[in-house]
Amino acid sequence: MLRKLLSLALLGLVVGGVSAQNERLQVVATHTILADVVRNVAGDAADVTSLMPPGADPHSFQPAPQDLARLADADVIFVNGAGFEEGLLEAIENAGENLNIVTASECVEILPFGEHAEESEVHAEGEFDAAIAERCTDHHVYLDSLHEIVDRPDTLAGEESDYLGMLYQLDCSGHEAAESDTEVHQHAGCDPHVWTDPQNAALWALQISDTLSQLDRTNALMYTDNASDYIVGADLLLYHELTTLIDSIPAESRVLVTNHETLGYFAHRFGFEIVGVVISGGSTLAEPSAGEMAALIDMVRAEGVVALFAENTVSPAVAQQIADETGAAFYTLYSDSLSDSDGLAATYLDYMRYNVSTIVDALS
């Protein structure tokens with residue numbers, strides 16, 4: 001059933017790309033989490049590397065000359081999108097001519113950053129590429145059908161209306177869009193951390209499978225099978241595993257304070273409330289003012305927050321200071337990067353298990 005549904009989705013694609021019968025595909029993904037999903041879909045048929053190494057902060061990472069050479073030689077470059085690589089896009093696009101850049105999150109429903117929610121209520125308008133729209137519809141129909149087959153519960157804490165729309169419908173660049181017959185409203189507050197909801201990793205897998213199958217028709221069936229297996233592991237088995245763990249946390253205790261805004265999709269899917277962020281907005285390079293620090297300390301005390309969570313790619317110094325002053329416990333999560341290969345979060349599935357286990361231990 002899974003193979004049949006995935007194959008039908010593939011048949012709806014626009015015919016394109018080239019067959020790579022004699023050479024292995026060379027694939028680059030911008031960050032380690034995305035690269036891990038690509039590897040699972042590509043299997044043994046492609047060489048997959050991550051532009052950023054484990055532990056890199058995407059907001060400060062600068063590619064070296066050898067990184068640019070890899071980009072130039074790649075058959076396809078998978079980017080996260082939604083502003084995640086905003087500081088890198090120019091370097092990526094200038095790495096070579098006729099680069100094949102694919103946005104993995106194209107069909108993902110996008111949330112705004114918390115502080116921009118009221119500013120980002122307007123959905124994009126205008127006409128969109130029919131092939132993209134059809135592909136995204138097929139992906140969501142497939143996942144919905146799969147959820148019905150296995151009776152997967154939906155624990156979505158927020159409203160569907162919280163989403164701005166699918167990424168292909170939005171302008172997350174933060175720049176004003178020109179007025180035209182196909183106007184697209186800007187959404188500077190798009191949250192790019194889509195992978196903290198396992199369903200979005202499943203949407204990545206479908207997008208990756210479609211792309212690799214167009215480039216390498218010889219191995220197309222293998223890519224669809226691999227994507228099917230990965231979706232079972234991530235969107236079904238992992239989801240069940242995580243919800244079982246989270247059920248041990250009383251609803252009133254599902255309160256998070258994080259170092260920067262990384263857990264919006266996780267909170268929306270699993271019923272948590274993010275009551276405070278040390279570094280607000282999308283950047284990790286800013287620091288809170290003295291007034292913001294004092295207000296956050298007061299909030300932590302007033303709300304009875306028992307734990308603060310920092311991230312592996314961002315300095316924890318300020319979060320640690322707030323924890324010390326309030327008596328809250330301090331924990332480190334993985335955020336924008338996996339660990340190295342012998343670490344606790346070497347794969348996306350391990351990354352999610354580690355983070356949820358840490359949150360459960362802190363809040364139960």
# chains A, B, ... in the order shown; residues from 1 in each chain; ligands from 1
>>> closest_atom_pairs(of="segment 59-152 of chain A", to="segment 325-344 of chain A", cutoff="12 Å", atoms="only C-alpha atoms", output="Markdown table")
| residue | atom | partner | partner_atom | distance |
| --- | --- | --- | --- | --- |
| A:His59 | CA | A:Asp336 | CA | 9.9 |
| A:Phe61 | CA | A:Asp336 | CA | 11.8 |
| A:Asn80 | CA | A:Asp336 | CA | 11.1 |
| A:Phe84 | CA | A:Asp336 | CA | 9.5 |
| A:Glu85 | CA | A:Asp336 | CA | 11.3 |
>>> residues_around(residues="Ala294 of chain A", least_positions_apart="4", cutoff="12 Å", atoms="only C-alpha atoms", output="PyMOL selection string")
chain A and resi 278+288-290+298-301+318+321-322+325-326
>>> select_by_dssp(residues="segment 53-245 of chain A", states="strand (DSSP E or B)", output="VMD selection string")
chain A and resid 76 to 79 101 to 103 109 to 110 112 165 to 166 171 186 190
>>> write_last_selection(atoms="C-alpha atoms", output="PDB file, in the first residue's frame")
ATOM      1  CA  VAL A  76      21.374  18.788  -6.375  1.00  0.00           C
ATOM      2  CA  ILE A  77      21.603  21.036  -3.309  1.00  0.00           C
ATOM      3  CA  PHE A  78      18.857  20.629  -0.718  1.00  0.00           C
ATOM      4  CA  VAL A  79      18.162  23.725   1.372  1.00  0.00           C
ATOM      5  CA  ILE A 101      18.764  24.079  -5.607  1.00  0.00           C
ATOM      6  CA  VAL A 102      15.702  22.358  -4.107  1.00  0.00           C
ATOM      7  CA  THR A 103      13.817  23.589  -1.036  1.00  0.00           C
ATOM      8  CA  GLU A 109       2.937  24.292   6.679  1.00  0.00           C
ATOM      9  CA  ILE A 110       4.874  27.213   8.176  1.00  0.00           C
ATOM     10  CA  PRO A 112       5.444  32.314  12.483  1.00  0.00           C
ATOM     11  CA  GLY A 165       0.445  28.486   4.641  1.00  0.00           C
ATOM     12  CA  MET A 166       2.759  26.076   2.874  1.00  0.00           C
ATOM     13  CA  ASP A 171       7.745  35.011   1.011  1.00  0.00           C
ATOM     14  CA  GLN A 186       6.069  39.213   3.046  1.00  0.00           C
ATOM     15  CA  CYS A 190       8.601  32.547   9.275  1.00  0.00           C
TER      16      CYS A 190
END
>>> residues_around(residues="Arg353 of chain A", least_positions_apart="4", cutoff="10 Å", atoms="only C-alpha atoms", output="VMD selection string")
chain A and resid 238 to 239 241 to 242 245 344 to 345 347 to 349 357 to 359
>>> select_by_dssp(residues="segment 31-242 of chain A", states="alpha helix (DSSP H)", output="ChimeraX atom specification")
/A:32-42,65-73,89-93,130-150,198-215,220-231,239-242
>>> residues_around(residues="Arg70 of chain A", least_positions_apart="6", cutoff="10 Å", atoms="only C-alpha atoms", output="ChimeraX atom specification")
/A:26-28,49-51,77,95-96
>>> atom_distance(atom1="atom CA of His31 of chain A", atom2="atom CA of Ile208 of chain A")
14.5 Å
>>> atom_distance(atom1="atom CA of Ala104 of chain A", atom2="atom CA of Gln207 of chain A")
6.0 Å
